[in-house]
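Student: Take a look at structure21.txt, compact mmCIF, C-alpha atoms:
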# COMPACT_ATOMS: atom_id res chain seq x y z
CA MET A 1 0.00 0.00 0.00
CA ARG A 2 2.76 2.37 0.90
CA SER A 3 4.51 1.47 -2.30
CA ALA A 4 1.38 2.06 -4.35
CA LEU A 5 0.78 5.44 -2.75
CA SER A 6 4.33 6.42 -3.41
CA ARG A 7 4.02 5.50 -7.07
CA LEU A 8 0.73 7.40 -7.37
CA GLY A 9 2.10 10.47 -5.60
CA GLY A 10 5.23 10.42 -7.72
CA GLY A 11 3.14 10.34 -10.88
CA ILE A 12 1.10 13.34 -9.83
CA LEU A 13 4.17 15.27 -8.89
CA ALA A 14 5.87 14.44 -12.16
CA ALA A 15 2.82 15.58 -14.14
CA ALA A 16 2.60 18.77 -12.15
CA ALA A 17 6.25 19.50 -12.70
CA LEU A 18 5.98 18.97 -16.43
CA SER A 19 2.95 21.22 -16.72
CA VAL A 20 4.84 24.19 -15.29
CA PRO A 21 5.95 26.29 -18.27
CA LEU A 22 9.68 26.38 -18.71
CA PRO A 23 11.25 29.79 -18.49
CA GLY A 24 10.90 31.33 -21.95
CA TYR A 25 14.54 32.31 -22.44
CA ALA A 26 14.70 31.31 -26.07
CA CYS A 27 15.33 34.89 -27.17
CA SER A 28 18.97 35.51 -27.86
CA ILE A 29 21.36 38.44 -27.80
CA ASN A 30 24.53 37.98 -29.82
CA LEU A 31 27.46 40.34 -29.96
CA THR A 32 28.25 41.30 -33.54
CA SER A 33 31.05 43.78 -32.95
CA ALA A 34 32.66 45.74 -30.14
CA GLY A 35 33.03 49.51 -30.36
CA THR A 36 36.00 51.86 -30.32
CA LEU A 37 36.44 55.05 -28.29
CA ARG A 38 38.42 58.09 -29.43
CA PRO A 39 39.28 61.33 -27.60
CA SER A 40 37.97 64.69 -28.71
CA ASP A 41 40.35 67.51 -29.59
CA ASP A 42 39.76 69.16 -26.21
CA ASN A 43 40.31 65.84 -24.38
CA LYS A 44 37.00 66.21 -22.55
CA THR A 45 35.07 63.49 -24.36
CA LEU A 46 36.03 59.91 -25.13
CA GLY A 47 33.41 58.35 -27.36
CA SER A 48 32.56 56.07 -30.24
CA GLU A 49 31.09 58.97 -32.21
CA VAL A 50 34.07 61.28 -31.70
CA LYS A 51 35.91 61.94 -34.96
CA GLY A 52 34.28 58.92 -36.60
CA ASN A 53 31.60 56.31 -36.08
CA THR A 54 32.62 53.02 -34.50
CA PRO A 55 29.61 51.63 -32.63
CA GLY A 56 29.17 48.29 -30.98
CA THR A 57 26.40 46.11 -32.42
CA VAL A 58 24.34 43.18 -31.22
CA THR A 59 21.69 41.06 -32.89
CA SER A 60 18.54 39.99 -31.07
CA ILE A 61 16.35 37.07 -32.19
CA LEU A 62 12.88 36.48 -30.75
CA SER A 63 10.51 33.64 -31.64
CA LEU A 64 6.77 33.42 -31.16
CA LEU A 65 7.39 31.38 -28.02
CA ASP A 66 9.02 34.38 -26.45
CA GLY A 67 5.92 36.53 -26.79
CA THR A 68 6.69 40.12 -25.99
CA ALA A 69 10.19 40.47 -24.66
CA THR A 70 11.82 43.42 -22.95
CA ILE A 71 15.26 44.35 -24.22
CA GLU A 72 17.19 46.11 -21.47
CA VAL A 73 20.23 48.24 -22.20
CA SER A 74 22.26 48.89 -19.08
CA SER A 75 23.92 52.11 -18.10
CA PRO A 76 27.57 51.83 -19.15
CA THR A 77 30.31 51.02 -16.71
CA ARG A 78 34.02 51.66 -16.90
CA ILE A 79 36.01 48.44 -16.74
CA GLN A 80 39.49 49.68 -17.62
CA THR A 81 41.33 52.95 -17.00
CA PRO A 82 44.99 53.92 -16.83
CA GLY A 83 46.72 55.08 -13.68
CA GLY A 84 46.40 58.77 -13.00
CA TYR A 85 42.89 59.04 -14.36
CA ASN A 86 40.70 61.44 -12.35
CA ALA A 87 37.18 60.05 -12.55
CA SER A 88 35.63 62.39 -10.01
CA ALA A 89 33.73 64.48 -12.55
CA GLU A 90 33.09 61.90 -15.25
CA THR A 91 29.76 60.95 -16.79
CA LEU A 92 29.29 57.68 -18.67
CA GLN A 93 26.54 57.53 -21.26
CA VAL A 94 25.04 55.11 -23.77
CA ALA A 95 22.91 55.73 -26.84
CA TYR A 96 21.40 53.16 -29.18
CA ASN A 97 19.22 52.51 -32.15
CA ALA A 98 17.34 49.26 -32.78
CA ALA A 99 16.63 48.91 -36.47
CA ALA A 100 12.98 48.61 -37.47
CA VAL A 101 11.73 45.46 -39.20
CA LEU A 102 8.99 46.33 -41.66
CA GLY A 103 5.57 45.42 -40.33
CA LEU A 104 6.98 43.48 -37.40
CA PHE A 105 9.00 45.81 -35.23
CA PRO A 106 8.82 49.61 -35.20
CA GLY A 107 12.38 50.04 -33.99
CA ALA A 108 13.59 51.88 -30.93
CA SER A 109 16.12 54.57 -30.19
CA GLN A 110 17.60 56.25 -27.17
CA SER A 111 19.68 59.40 -27.07
CA TYR A 112 22.68 59.54 -24.75
CA THR A 113 21.71 58.68 -21.19
CA SER A 114 23.40 57.55 -18.01
CA SER A 115 20.44 55.37 -17.04
CA THR A 116 19.37 51.83 -17.81
CA THR A 117 16.62 51.89 -20.42
CA SER A 118 14.50 49.28 -22.19
CA PHE A 119 12.09 48.71 -25.04
CA GLN A 120 9.77 45.91 -26.05
CA ALA A 121 9.63 43.64 -29.07
CA THR A 122 7.22 40.84 -29.90
CA GLY A 123 8.32 37.53 -31.36
CA VAL A 124 6.83 36.15 -34.56
CA LEU A 125 6.42 32.64 -35.92
CA ALA A 126 9.40 32.81 -38.21
CA GLY A 127 11.52 34.58 -35.60
CA LEU A 128 12.09 38.31 -35.34
CA SER A 129 15.69 39.34 -35.84
CA PHE A 130 16.90 42.90 -35.48
CA SER A 131 20.17 44.62 -34.80
CA ILE A 132 20.95 47.20 -32.13
CA THR A 133 23.66 49.78 -32.74
CA LEU A 134 25.14 51.18 -29.54
CA HIS A 135 27.44 54.07 -28.72
CA ASN A 136 29.28 54.79 -25.49
CA ARG A 137 30.97 57.94 -24.34
CA ILE A 138 32.66 59.34 -21.26
CA LEU A 139 32.41 63.06 -20.53
CA ASN A 140 35.07 64.45 -18.21
CA PRO A 141 35.99 68.14 -17.89
CA ASN A 142 39.21 67.07 -16.13
CA GLY A 143 40.42 65.29 -19.26
CA PHE A 144 41.73 61.79 -19.84
CA ALA A 145 45.16 60.66 -18.72
CA PRO A 146 47.19 58.76 -21.31
CA GLY A 147 46.37 55.07 -21.58
CA THR A 148 43.61 52.66 -22.54
CA TYR A 149 40.00 52.99 -21.46
CA THR A 150 37.22 50.41 -21.79
CA THR A 151 33.51 50.80 -21.10
CA ARG A 152 30.83 48.11 -21.09
CA THR A 153 27.12 48.11 -21.79
CA VAL A 154 25.11 44.96 -21.08
CA VAL A 155 22.15 44.18 -23.34
CA THR A 156 19.70 41.68 -21.83
CA CYS A 157 16.55 40.04 -23.15
CA HIS A 158 13.80 39.54 -20.56
CA PRO A 159 10.93 37.36 -21.92
CA MET B 1 6.16 8.69 3.44
CA ARG B 2 9.13 10.56 4.77
CA LEU B 3 11.21 8.96 2.06
CA PHE B 4 8.63 10.02 -0.53
CA GLY B 5 8.74 13.62 0.69
CA ILE B 6 12.51 13.76 0.24
CA ALA B 7 12.22 12.25 -3.24
CA ALA B 8 9.58 14.78 -4.29
CA GLY B 9 11.69 17.66 -3.08
CA LEU B 10 14.62 16.53 -5.16
CA LEU B 11 12.35 16.09 -8.19
CA ILE B 12 11.00 19.64 -8.04
CA ALA B 13 14.43 21.10 -7.55
CA GLY B 14 15.61 19.20 -10.60
CA VAL B 15 12.99 20.26 -13.15
CA LEU B 16 12.75 23.98 -12.41
CA PRO B 17 16.21 25.38 -13.02
CA VAL B 18 16.60 29.13 -12.74
CA ALA B 19 17.87 30.23 -16.14
CA ALA B 20 19.79 33.46 -16.61
CA ALA B 21 18.28 35.92 -19.04
CA PRO B 22 20.32 35.96 -22.25
CA SER B 23 22.61 38.94 -22.49
CA ALA B 24 25.66 40.26 -24.30
CA ASN B 25 28.44 42.51 -23.11
CA VAL B 26 29.19 45.27 -25.57
CA ASP B 27 32.64 46.67 -24.86
CA PHE B 28 34.16 49.89 -26.14
CA SER B 29 37.90 50.49 -25.94
CA GLY B 30 40.09 53.40 -26.84
CA THR B 31 43.58 54.69 -26.18
CA VAL B 32 44.54 58.25 -25.29
CA ALA B 33 48.08 59.27 -26.22
CA ALA B 34 50.25 61.58 -24.15
CA THR B 35 50.67 65.01 -25.69
CA CYS B 36 50.89 68.68 -24.93
CA SER B 37 49.90 71.36 -27.35
CA ILE B 38 48.80 74.95 -27.81
CA THR B 39 45.63 74.58 -29.81
CA ALA B 40 44.64 78.21 -30.29
CA SER B 41 45.82 81.73 -29.58
CA THR B 42 44.27 85.17 -29.54
CA ASN B 43 46.26 88.42 -29.67
CA GLY B 44 45.64 91.22 -27.20
CA THR B 45 45.77 95.01 -27.50
CA MET B 46 47.52 97.59 -25.33
CA LYS B 47 46.42 101.09 -24.42
CA LEU B 48 48.31 103.97 -22.87
CA ASN B 49 47.55 104.95 -19.31
CA PRO B 50 46.12 108.44 -19.84
CA SER B 51 47.03 109.66 -16.38
CA THR B 52 50.71 108.85 -16.29
CA GLY B 53 51.58 108.33 -19.94
CA THR B 54 54.23 105.89 -18.79
CA THR B 55 52.43 102.54 -19.01
CA LEU B 56 51.21 100.93 -22.19
CA GLY B 57 49.35 97.76 -21.28
CA SER B 58 46.53 95.34 -22.03
CA GLU B 59 44.94 95.96 -18.63
CA GLU B 60 44.69 99.70 -19.17
CA ALA B 61 41.25 101.03 -20.08
CA GLY B 62 40.34 99.89 -23.60
CA GLY B 63 43.01 97.20 -23.78
CA THR B 64 42.32 93.50 -24.15
CA ARG B 65 44.19 90.48 -22.89
CA GLY B 66 45.56 87.77 -25.14
CA SER B 67 44.99 84.06 -24.60
CA VAL B 68 46.18 80.63 -25.56
CA THR B 69 44.37 77.30 -25.28
CA VAL B 70 46.48 74.61 -23.68
CA LEU B 71 45.91 70.87 -23.90
CA SER B 72 48.00 68.60 -21.70
CA ILE B 73 47.66 64.81 -21.54
CA GLY B 74 50.14 63.44 -19.06
CA ALA B 75 52.90 65.36 -17.31
CA SER B 76 53.92 68.53 -19.14
CA THR B 77 55.76 71.79 -18.58
CA LEU B 78 54.24 75.03 -19.75
CA THR B 79 56.77 77.78 -20.39
CA ILE B 80 55.72 81.42 -20.60
CA GLY B 81 58.57 83.35 -22.13
CA ALA B 82 59.74 86.80 -21.19
CA PRO B 83 57.92 89.32 -23.39
CA SER B 84 59.82 91.29 -26.00
CA LEU B 85 59.17 94.36 -28.12
CA THR B 86 58.81 93.14 -31.70
CA SER B 87 57.96 96.42 -33.37
CA THR B 88 60.60 98.97 -34.30
CA PRO B 89 60.27 101.80 -31.79
CA PRO B 90 59.85 105.30 -33.14
CA VAL B 91 62.52 107.94 -33.09
CA GLY B 92 62.70 109.44 -29.62
CA TYR B 93 61.65 106.30 -27.80
CA VAL B 94 64.06 105.46 -24.98
CA THR B 95 64.45 101.73 -24.83
CA GLY B 96 66.98 101.91 -22.05
CA THR B 97 64.36 102.83 -19.49
CA GLN B 98 61.64 100.43 -20.52
CA THR B 99 60.48 97.36 -18.65
CA ILE B 100 58.38 94.82 -20.56
CA GLU B 101 56.34 92.49 -18.40
CA VAL B 102 53.88 89.63 -18.65
CA SER B 103 51.26 88.28 -16.25
CA TYR B 104 48.91 85.38 -16.73
CA SER B 105 46.12 83.37 -15.14
CA GLY B 106 44.12 80.29 -16.06
CA ALA B 107 40.45 80.52 -16.91
CA PRO B 108 38.20 79.92 -13.89
CA SER B 109 36.77 76.40 -13.59
CA SER B 110 39.25 75.07 -16.12
CA GLY B 111 42.22 72.77 -15.82
CA LEU B 112 44.40 75.89 -15.50
CA SER B 113 42.34 77.60 -12.81
CA GLY B 114 45.17 77.17 -10.31
CA VAL B 115 47.82 78.65 -12.58
CA SER B 116 48.71 82.34 -12.31
CA HIS B 117 51.67 84.69 -12.10
CA ALA B 118 51.99 88.39 -11.30
CA TYR B 119 53.76 90.76 -13.72
CA THR B 120 57.32 89.72 -14.36
CA SER B 121 59.95 90.42 -16.97
CA SER B 122 61.37 86.89 -16.64
CA GLN B 123 60.49 83.58 -18.22
CA THR B 124 58.42 81.33 -15.96
CA THR B 125 57.34 77.70 -16.07
CA GLN B 126 54.33 75.82 -14.79
CA PRO B 127 54.09 72.04 -14.29
CA LEU B 128 50.91 70.53 -15.68
CA GLY B 129 49.20 67.17 -15.43
CA THR B 130 46.29 65.94 -17.51
CA ILE B 131 43.77 68.65 -18.24
CA GLY B 132 41.06 69.23 -20.76
CA ALA B 133 41.68 72.07 -23.19
CA SER B 134 41.91 75.19 -21.04
CA ASP B 135 42.48 78.88 -21.67
CA LEU B 136 45.40 80.82 -20.24
CA TYR B 137 44.83 84.58 -20.17
CA ILE B 138 47.92 86.70 -20.84
CA ASN B 139 48.56 90.38 -20.24
CA ASN B 140 51.54 92.41 -21.39
CA ARG B 141 52.65 95.87 -20.44
CA ILE B 142 55.51 98.23 -21.12
CA VAL B 143 56.46 100.56 -18.32
CA ASN B 144 58.67 103.42 -19.41
CA PRO B 145 59.16 106.54 -17.32
CA SER B 146 60.50 108.24 -20.44
CA GLY B 147 57.07 107.98 -22.03
CA PHE B 148 55.88 106.79 -25.45
CA PRO B 149 56.25 108.86 -28.59
CA PRO B 150 53.24 108.44 -30.91
CA ASP B 151 53.45 105.15 -32.83
CA THR B 152 52.34 101.53 -32.69
CA TYR B 153 54.10 99.29 -30.21
CA THR B 154 53.92 95.51 -30.36
CA THR B 155 55.06 93.02 -27.74
CA ARG B 156 55.18 89.26 -27.96
CA THR B 157 55.02 86.47 -25.37
CA VAL B 158 55.93 83.00 -26.54
CA VAL B 159 54.13 80.15 -24.78
CA THR B 160 55.39 76.61 -25.27
CA CYS B 161 54.39 73.26 -23.86
CA ALA B 162 56.69 70.27 -23.66
CA GLN B 163 56.75 66.78 -22.20
CA PRO B 164 59.71 64.95 -20.72
Can you present the structure in this file as structure tokens?
Tutor:
Amino acid sequence: MRSALSRLGGGILAAAALSVPLPGYACSINLTSAGTLRPSDDNKTLGSEVKGNTPGTVTSILSLLDGTATIEVSSPTRIQTPGGYNASAETLQVAYNAAAVLGLFPGASQSYTSSTTSFQATGVLAGLSFSITLHNRILNPNGFAPGTYTTRTVVTCHP
Amino acid sequence: MRLFGIAAGLLIAGVLPVAAAPSANVDFSGTVAATCSITASTNGTMKLNPSTGTTLGSEEAGGTRGSVTVLSIGASTLTIGAPSLTSTPPVGYVTGTQTIEVSYSGAPSSGLSGVSHAYTSSQTTQPLGTIGASDLYINNRIVNPSGFPPDTYTTRTVVTCAQP
């Protein structure tokens, strides 16, 4: 009897577990290219749109299973600076443009901001694929000491 | 039953993994090179002190200061040369009694805001670190107790920036 109850209970539990929808994390974010920063002539801005255009790009793919997903673009962080850099007055900013897909996705854009921002996109049967072009910049009236600087923006898909 | 409870707990823990939301790190890198340069300059004008007639300077009424824009990335030395008279003085002008002087100060709220020097006839230097492009205001004056015969007088201050 105990054995039979155990088998019955196990079956119910297994069925219940299988009926719980799996987290819908099928949407993907793939890095296409990293960006490049350059200093301005007055050494007060270091950015990917300074004296050229060298953005970072990612590609996002959403399927119908994903439903409406939220694409979150984080505020940028500084992950590498040279010694002697005075960061006390700096401002890090990100801007982006998500390319529209005719009839499926209206696109999204964000001017330079220091905040985390997001937009929504809805998956389609054949899979919605669109690219996001991002720019980073650091503003600093104290200037940039010689050396290499790296900033990072994290793009996340939340189904 | 106790055994069954343990088994069920393990089962639930096994089929509901917490998945991380997919994401990508987008990195931007760039290199700033050490340099020091004078990126712009503006000439000043000098006026004669109407009361004494013995000082011709850019801080007299109607005169204007000159300026240079300095950009320093890394350790640098800014040299402000002793001013000189570059125009040919008119007949009757007594050069032997003249004193040509320069003073300067950095623009407020700029990387040169802490840099200044009172009037001097000597060359001076200022150590700099990394700054954004900043203006240095420059005044010149000629003091001559012998006075100034009518003519145009021109002085020059040479500003240079160098790195070790």
Student: May I have a table of the residues of chain B lying at most 6 Å from chain A, giving each one's closest pair of atoms and their distance in Å to one decimal, counting all atoms listed in the file, ordered by chain and ascending residue number, as a tab-separated table?
Tutor:
residue	atom	partner	partner_atom	distance
B:Ala21	CA	A:His158	CA	6.0
B:Pro22	CA	A:Cys157	CA	5.6
B:Ser23	CA	A:Thr156	CA	4.1
B:Ala24	CA	A:Val155	CA	5.3
B:Asn25	CA	A:Val154	CA	4.6
B:Val26	CA	A:Thr153	CA	5.2
B:Asp27	CA	A:Arg152	CA	4.4
B:Phe28	CA	A:Gly35	CA	4.4
B:Ser29	CA	A:Thr150	CA	4.2
B:Gly30	CA	A:Leu37	CA	4.3
B:Thr31	CA	A:Thr148	CA	4.2
B:Val32	CA	A:Pro146	CA	4.8
B:Ala33	CA	A:Pro146	CA	5.0
B:Ala34	CA	A:Pro146	CA	5.0
B:Ile73	CA	A:Ala145	CA	5.6
B:Gly74	CA	A:Ala145	CA	5.7
B:Thr130	CA	A:Ala145	CA	5.5
B:Ile131	CA	A:Gly143	CA	4.9
B:Gly132	CA	A:Gly143	CA	4.3
B:Ala133	CA	A:Asp42	CA	4.6
Student: Ranking B:Asn43, B:Ser51, B:Thr155, B:Thr99 by minimum distance to Ser121 in chain B and counting all atoms listed in the file, which one comes first?
Tutor: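 So, comparing all the options, the nearest one is B:Thr99.
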Student: Please compute the CA of Leu136 in chain B-CA of Ala107 in chain B distance, one decimal, in Å.
Tutor: 6.0 Å
Student: So the first atom is CA of Thr160 in chain B and the second is CA of Thr79 in chain B; what is the distance between them in Å, to one decimal place?
Tutor: 5.2 Å
Student: Kindly extract all protein, DNA and RNA residues lying within 7 Å of the coordinates (50.2, 85.8, -28.1) given in the file, considering all atoms listed in the file, and supply them as a ChimeraX atom specification.
Tutor: /B:41-43,66-67,156-158
Student: Measure the distance from CA of Ile132 in chain A to CA of Ser75 in chain A in Å and round it to one decimal.
Tutor: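 Result for CA of Ile132 in chain A versus CA of Ser75 in chain A: 15.2 Å, one decimal.
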Student: Would you list the residues near (54.8, 91.5, -22.6) (no more than 8 Å away, in the coordinates of the file, using only C-alpha atoms) as a PyMOL selection string?
Tutor: chain B and resi 82-85+100-103+121+139-142+155-157
